[in-house]
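**Student:** Just passing along the structure, written as structure tokens.
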Amino acid sequence: MKIDDFVLENWLNPACDSEKNKIYLGGSCVLPMTVKELFELTGESLEDFMEELKHMNLGYGNFEGTPRTRKAVANLYKGVAPEEVILVHGGTGANNTVVFTLIEETDNVISIMPNYQQFYSIPKSIGAEVRQIHLKPEAGYKLNIDEVRKAVDDNTKAILFTNPNNPTGSLLELEEMKEIVEMAKSVDAWVICDEMYRGLKEEYMPSFADIYDKAIVTCSSSKIYSMAGTRVGWIICHDPETRKELFNRRSYDSICGGVFDEWIFAIALEHVDKIYARSRKIISENKAKVDKWLDGHKYLHQYADSYGTTYLIHYDLDVDAEKFCNDLLDQKGVLVCHGDCFFIPHTFRLSLSHATELEEGMKLIDEYIEELVAQGKAI
């Protein structure tokens, strides 16, 4: 089986490790916590935790996942039971498991673009027909439901997307979600939604797991939970027979999760309101700084009402996205993620979340743009 180059991961991860990366604005995870910070935030006893850690059994964990963690994950939703939670290795493990379990070469799938690449390149590698629906900047990167309706037919196996969207942050509201569900029901299709950025609104953010029995939702300990290194991902699936198939597929990939990872993440989720509050504060403060920077900017534009951890920024310069970002890193030490990772030219993804030197980074981006304009690159 041949599969496309995973553009985002294969470009961004080496760039992160580069010695030139002085100001990191390319990621999408809210500023990671240390173990000490986690226990200060939750109010749990670090001393008790360390004492328990001494006696932790380092053998295989529960095949179905640590019961405490599955319960804590289920509590993030309104209509999910712990037995409907499948723990896997990270969000990529969740998406990989779902797509390889459900999609066959005789199917067609609808992929809402931009999308996480697993949701179009893996179906393509299987041999399925991938029908792409593109969100448009002039529409604020909001989904045109009618375009999806025209693309769906009786052979559509699944509609795949991220909500909030990665990288634009645009959000499907509950009524739009219900329209997608009705569309999927009409052809007995699955709705497969990567909800990695769900939770940044002050009020409860509905999940497709709350409203459709053939929804499969993926998420992980990264992004808004600030614990990407723990590699805890999960799949929510209501259908018992499909869960058996998902567990079977996961057995081929990882057998079970990490006992330490699932344990410490359960502690975090049992205090999820404090985790959410921290993430929302970081995002809102950084968003205000970026909005001020972009207001009236001559060369930069951002179109979506973002509920994620990033902005997708368009630029009016005659430079390819990858070169723009490579040169920005080489010349200014600022790392942003180039838009060709999402097949959107003349854009870059800017972090609102892992941005300890955000204002200095924006200043250096402006310097770089001024140098490009001086070279006659303005459009």
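Ordering of the structure tokens sets the chain letters (A, B, ...), residue numbers begin anew at 1 in every chain, and ligands are numbered from 1 in the order given.
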Mind checking which residues fall within 7 Å of region 40-50 of chain A, counting only C-alpha atoms, ignoring those fewer than 3 positions away in the same chain, and posting them as a VMD selection string?
**Tutor:** chain A and resid 36 to 37 53 to 54 271 274
**Student:** Within 10 Å of region 226-232 of chain A, counting only C-alpha atoms, which residues show up once you throw out same-chain ones fewer than 2 positions away? Write them as JSON, numbers by chain, please.
**Tutor:** {"A": [28, 29, 30, 31, 32, 33, 34, 35, 38, 69, 87, 88, 89, 90, 91, 92, 93, 94, 219, 220, 221, 222, 223, 224, 234, 257, 258, 260, 261, 262, 263, 264, 265, 266, 268, 275, 276, 278, 279, 353, 354]}
**Student:** Near Lys298 (chain A), counting only C-alpha atoms, which residues have an atom at most 10 Å away, once you skip same-chain residues fewer than 5 positions from it, shown as a short mmCIF file (atom, residue, chain, number, x, y, z; two decimals) with all heavy atoms, in the first residue's frame?
**Tutor:**
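Written output follows (part33.cif):
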data_model
loop_
_atom_site.label_atom_id
_atom_site.label_comp_id
_atom_site.auth_asym_id
_atom_site.auth_seq_id
_atom_site.Cartn_x
_atom_site.Cartn_y
_atom_site.Cartn_z
N TYR A 315 -1.63 35.82 3.11
CA TYR A 315 -0.73 36.94 2.87
C TYR A 315 -0.73 37.32 1.39
O TYR A 315 -0.86 36.48 0.51
CB TYR A 315 0.70 36.63 3.35
CG TYR A 315 1.36 35.42 2.72
CD1 TYR A 315 2.00 35.52 1.49
CD2 TYR A 315 1.37 34.19 3.38
CE1 TYR A 315 2.62 34.42 0.91
CE2 TYR A 315 1.99 33.09 2.81
CZ TYR A 315 2.61 33.21 1.58
OH TYR A 315 3.23 32.13 1.01
N ASP A 316 -0.58 38.63 1.15
CA ASP A 316 -0.59 39.17 -0.21
C ASP A 316 0.84 39.40 -0.68
O ASP A 316 1.30 40.55 -0.85
CB ASP A 316 -1.38 40.49 -0.25
CG ASP A 316 -2.84 40.30 0.13
OD1 ASP A 316 -3.38 39.21 -0.13
OD2 ASP A 316 -3.43 41.24 0.67
N ALA A 378 5.26 42.30 -3.22
CA ALA A 378 3.88 42.61 -2.85
C ALA A 378 2.95 42.35 -4.02
O ALA A 378 3.30 42.61 -5.18
CB ALA A 378 3.76 44.05 -2.40
#
**Student:** Would you please extract all strand (DSSP E) residues from region 233-336 of chain A, as assigned by DSSP on the backbone, and give them as a ChimeraX atom specification?
**Tutor:** /A:233-237,300-302,310-315,334-335
**Student:** Limited to N, CA, C and O atoms, could you put the picked residues into a file as a CSV table (one decimal), in the first residue's frame?
**Tutor:**
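Once written, again.csv looks like this:
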chain,number,residue,atom,x,y,z
A,233,GLY,N,-5.1,8.9,23.4
A,233,GLY,CA,-6.2,9.3,22.4
A,233,GLY,C,-7.4,8.4,22.7
A,233,GLY,O,-7.4,7.5,23.5
A,234,TRP,N,-8.6,8.9,22.2
A,234,TRP,CA,-9.8,8.1,22.4
A,234,TRP,C,-10.7,8.1,21.2
A,234,TRP,O,-10.7,9.1,20.4
A,235,ILE,N,-11.5,7.1,21.1
A,235,ILE,CA,-12.6,7.0,20.1
A,235,ILE,C,-13.9,6.8,20.8
A,235,ILE,O,-13.9,6.0,21.7
A,236,ILE,N,-14.9,7.6,20.5
A,236,ILE,CA,-16.2,7.4,21.0
A,236,ILE,C,-17.0,6.7,19.9
A,236,ILE,O,-17.2,7.2,18.8
A,237,CYS,N,-17.6,5.5,20.3
A,237,CYS,CA,-18.4,4.8,19.3
A,237,CYS,C,-19.6,4.1,20.1
A,237,CYS,O,-19.4,3.4,21.0
A,300,LEU,N,-1.7,41.0,5.5
A,300,LEU,CA,-2.1,39.8,6.2
A,300,LEU,C,-3.6,39.9,6.4
A,300,LEU,O,-4.2,40.9,6.8
A,301,HIS,N,-4.3,38.7,6.3
A,301,HIS,CA,-5.8,38.7,6.5
A,301,HIS,C,-6.2,37.3,7.1
A,301,HIS,O,-5.6,36.3,6.8
A,302,GLN,N,-7.1,37.4,8.0
A,302,GLN,CA,-7.6,36.2,8.7
A,302,GLN,C,-9.1,36.2,8.6
A,302,GLN,O,-9.8,37.2,8.9
A,310,THR,N,-5.5,28.0,16.7
A,310,THR,CA,-4.7,28.6,15.6
A,310,THR,C,-5.5,29.6,14.7
A,310,THR,O,-6.8,29.5,14.7
A,311,TYR,N,-4.8,30.4,14.0
A,311,TYR,CA,-5.4,31.2,12.9
A,311,TYR,C,-4.7,30.7,11.6
A,311,TYR,O,-3.5,30.4,11.6
A,312,LEU,N,-5.5,30.7,10.6
A,312,LEU,CA,-4.9,30.5,9.2
A,312,LEU,C,-4.9,31.9,8.6
A,312,LEU,O,-5.9,32.5,8.4
A,313,ILE,N,-3.7,32.4,8.3
A,313,ILE,CA,-3.5,33.8,7.9
A,313,ILE,C,-3.1,33.8,6.4
A,313,ILE,O,-2.1,33.1,6.0
A,314,HIS,N,-3.8,34.5,5.6
A,314,HIS,CA,-3.5,34.7,4.2
A,314,HIS,C,-2.6,35.9,4.1
A,314,HIS,O,-2.7,36.9,4.8
A,315,TYR,N,-1.6,35.8,3.1
A,315,TYR,CA,-0.7,36.9,2.9
A,315,TYR,C,-0.7,37.3,1.4
A,315,TYR,O,-0.9,36.5,0.5
A,334,VAL,N,11.8,32.5,13.3
A,334,VAL,CA,10.4,32.4,13.7
A,334,VAL,C,9.8,31.2,12.9
A,334,VAL,O,9.9,31.2,11.7
A,335,LEU,N,9.2,30.3,13.6
A,335,LEU,CA,8.6,29.1,13.0
A,335,LEU,C,7.0,29.2,13.0
A,335,LEU,O,6.4,29.3,14.1
**Student:** Which distance in Å separates CA of Ile379 (chain A) and CA of Leu135 (chain A), to one decimal?
**Tutor:**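 Interatomic distance, CA of Ile379 (chain A) to CA of Leu135 (chain A): 23.3 Å.
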**Student:** Grab the CA of Asn248 (chain A) to CA of Thr97 (chain A) distance for me, in Å with one decimal place.
**Tutor:** 9.4 Å
**Student:** Can you work out the spacing between CA of Glu270 (chain A) and CA of Tyr225 (chain A) in Å, to one decimal?
**Tutor:**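 Spanning CA of Glu270 (chain A) to CA of Tyr225 (chain A) is a straight-line distance of 12.0 Å.
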**Student:** Could you give me, as a PDB file with all heavy atoms, in the first residue's frame, the residues within 12 Å of Glu19 (chain A), counting only C-alpha atoms and dropping anything in the same chain fewer than 4 positions from it?
**Tutor:**
ATOM      1  N   PRO A  14      10.537  18.237  11.925  1.00  0.00           N
ATOM      2  CA  PRO A  14      11.961  18.581  11.780  1.00  0.00           C
ATOM      3  C   PRO A  14      12.223  20.070  11.995  1.00  0.00           C
ATOM      4  O   PRO A  14      13.267  20.446  12.552  1.00  0.00           O
ATOM      5  CB  PRO A  14      12.273  18.155  10.345  1.00  0.00           C
ATOM      6  CG  PRO A  14      11.267  17.110  10.021  1.00  0.00           C
ATOM      7  CD  PRO A  14      10.024  17.542  10.729  1.00  0.00           C
ATOM      8  N   ALA A  15      11.294  20.925  11.550  1.00  0.00           N
ATOM      9  CA  ALA A  15      11.476  22.361  11.748  1.00  0.00           C
ATOM     10  C   ALA A  15      11.489  22.714  13.234  1.00  0.00           C
ATOM     11  O   ALA A  15      12.248  23.583  13.677  1.00  0.00           O
ATOM     12  CB  ALA A  15      10.373  23.134  11.022  1.00  0.00           C
ATOM     13  N   ILE A  23      11.631  31.209  17.989  1.00  0.00           N
ATOM     14  CA  ILE A  23      10.290  31.615  18.428  1.00  0.00           C
ATOM     15  C   ILE A  23       9.288  30.684  17.751  1.00  0.00           C
ATOM     16  O   ILE A  23       9.077  30.752  16.539  1.00  0.00           O
ATOM     17  CB  ILE A  23      10.008  33.088  18.074  1.00  0.00           C
ATOM     18  CG1 ILE A  23      11.018  33.990  18.780  1.00  0.00           C
ATOM     19  CG2 ILE A  23       8.570  33.460  18.459  1.00  0.00           C
ATOM     20  CD1 ILE A  23      10.827  35.471  18.495  1.00  0.00           C
ATOM     21  N   TYR A  24       8.688  29.814  18.545  1.00  0.00           N
ATOM     22  CA  TYR A  24       7.843  28.748  18.011  1.00  0.00           C
ATOM     23  C   TYR A  24       6.389  29.191  17.978  1.00  0.00           C
ATOM     24  O   TYR A  24       5.723  29.268  19.014  1.00  0.00           O
ATOM     25  CB  TYR A  24       8.002  27.494  18.876  1.00  0.00           C
ATOM     26  CG  TYR A  24       7.139  26.328  18.449  1.00  0.00           C
ATOM     27  CD1 TYR A  24       7.166  25.872  17.145  1.00  0.00           C
ATOM     28  CD2 TYR A  24       6.304  25.681  19.356  1.00  0.00           C
ATOM     29  CE1 TYR A  24       6.384  24.793  16.744  1.00  0.00           C
ATOM     30  CE2 TYR A  24       5.521  24.608  18.975  1.00  0.00           C
ATOM     31  CZ  TYR A  24       5.560  24.168  17.662  1.00  0.00           C
ATOM     32  OH  TYR A  24       4.786  23.107  17.270  1.00  0.00           O
ATOM     33  N   LEU A 329      11.932  31.235   8.955  1.00  0.00           N
ATOM     34  CA  LEU A 329      12.679  30.492   9.970  1.00  0.00           C
ATOM     35  C   LEU A 329      14.176  30.747   9.829  1.00  0.00           C
ATOM     36  O   LEU A 329      14.865  31.020  10.826  1.00  0.00           O
ATOM     37  CB  LEU A 329      12.372  29.003   9.846  1.00  0.00           C
ATOM     38  CG  LEU A 329      13.076  28.061  10.821  1.00  0.00           C
ATOM     39  CD1 LEU A 329      12.704  28.387  12.265  1.00  0.00           C
ATOM     40  CD2 LEU A 329      12.744  26.602  10.505  1.00  0.00           C
ATOM     41  N   ASP A 330      14.682  30.661   8.617  1.00  0.00           N
ATOM     42  CA  ASP A 330      16.118  30.832   8.393  1.00  0.00           C
ATOM     43  C   ASP A 330      16.596  32.237   8.734  1.00  0.00           C
ATOM     44  O   ASP A 330      17.654  32.415   9.350  1.00  0.00           O
ATOM     45  CB  ASP A 330      16.470  30.536   6.923  1.00  0.00           C
ATOM     46  CG  ASP A 330      16.358  29.064   6.579  1.00  0.00           C
ATOM     47  OD1 ASP A 330      16.339  28.236   7.511  1.00  0.00           O
ATOM     48  OD2 ASP A 330      16.287  28.747   5.381  1.00  0.00           O
ATOM     49  N   GLY A 333      14.289  33.347  12.580  1.00  0.00           N
ATOM     50  CA  GLY A 333      14.175  32.423  13.704  1.00  0.00           C
ATOM     51  C   GLY A 333      12.763  32.205  14.192  1.00  0.00           C
ATOM     52  O   GLY A 333      12.544  31.728  15.311  1.00  0.00           O
ATOM     53  N   VAL A 334      11.767  32.541  13.340  1.00  0.00           N
ATOM     54  CA  VAL A 334      10.361  32.395  13.714  1.00  0.00           C
ATOM     55  C   VAL A 334       9.774  31.216  12.931  1.00  0.00           C
ATOM     56  O   VAL A 334       9.876  31.167  11.703  1.00  0.00           O
ATOM     57  CB  VAL A 334       9.554  33.669  13.403  1.00  0.00           C
ATOM     58  CG1 VAL A 334       8.068  33.468  13.760  1.00  0.00           C
ATOM     59  CG2 VAL A 334      10.134  34.855  14.158  1.00  0.00           C
ATOM     60  N   LEU A 335       9.158  30.291  13.649  1.00  0.00           N
ATOM     61  CA  LEU A 335       8.565  29.125  13.016  1.00  0.00           C
ATOM     62  C   LEU A 335       7.048  29.240  13.023  1.00  0.00           C
ATOM     63  O   LEU A 335       6.418  29.252  14.089  1.00  0.00           O
ATOM     64  CB  LEU A 335       8.992  27.848  13.746  1.00  0.00           C
ATOM     65  CG  LEU A 335       8.338  26.535  13.263  1.00  0.00           C
ATOM     66  CD1 LEU A 335       8.569  26.321  11.773  1.00  0.00           C
ATOM     67  CD2 LEU A 335       8.850  25.351  14.065  1.00  0.00           C
TER      68      LEU A 335
END
**Student:** With distances taken over only C-alpha atoms, which of A:Ala158, A:Leu143, A:Cys256, A:Ala128 is nearest to Tyr60 (chain A)?
**Tutor:**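 Ranking A:Ala158, A:Leu143, A:Cys256, A:Ala128 by distance to Tyr60 (chain A), first place goes to A:Cys256.
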**Student:** As a PyMOL selection string, please: all residues of region 144-242 of chain A that backbone DSSP puts in helix (DSSP H, G or I).
**Tutor:** chain A and resi 145-151+174-186+208-210+223-225+228-230+240-242
**Student:** Write out as CSV a residue-level contact list of region 89-179 of chain A versus region 199-212 of chain A with cut-off 8 Å: for each qualifying residue the closest pair of atoms and the distance in Å to one decimal, counting only C-alpha atoms, rows sorted by chain and residue number upward.
**Tutor:**
residue,atom,partner,partner_atom,distance
A:Leu174,CA,A:Pro206,CA,6.6
A:Met177,CA,A:Phe208,CA,7.2
A:Lys178,CA,A:Ile211,CA,7.5
**Student:** Nearest to Ile103 (chain A): which of A:Glu64, A:Asp17, A:Ile192, A:Gly26 is it, counting only C-alpha atoms?
**Tutor:**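 Closest residue, counting only C-alpha atoms: A:Ile192.
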**Student:** Could you give me, as a PyMOL selection string, the residues within 9 Å of Asp239 (chain A), counting only C-alpha atoms and dropping anything in the same chain fewer than 5 positions from it?
**Tutor:** chain A and resi 84+213-214+244
**Student:** With N, CA, C and O atoms retained, export the selected residues as a short mmCIF file (atom, residue, chain, number, x, y, z; two decimals), in the first residue's frame.
**Tutor:**
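Everything below was put into part.cif:
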data_model
loop_
_atom_site.label_atom_id
_atom_site.label_comp_id
_atom_site.auth_asym_id
_atom_site.auth_seq_id
_atom_site.Cartn_x
_atom_site.Cartn_y
_atom_site.Cartn_z
N GLU A 84 -18.32 2.93 26.00
CA GLU A 84 -18.32 3.41 24.62
C GLU A 84 -17.03 4.17 24.27
O GLU A 84 -16.90 4.71 23.18
N ASP A 213 -26.23 8.20 16.52
CA ASP A 213 -25.75 6.89 16.95
C ASP A 213 -24.70 6.31 16.00
O ASP A 213 -23.98 5.37 16.37
N LYS A 214 -24.60 6.86 14.77
CA LYS A 214 -23.55 6.42 13.85
C LYS A 214 -22.46 7.47 13.72
O LYS A 214 -21.77 7.56 12.70
N LYS A 244 -16.22 -3.61 18.62
CA LYS A 244 -15.42 -4.84 18.55
C LYS A 244 -14.44 -4.78 17.39
O LYS A 244 -13.27 -5.17 17.52
#
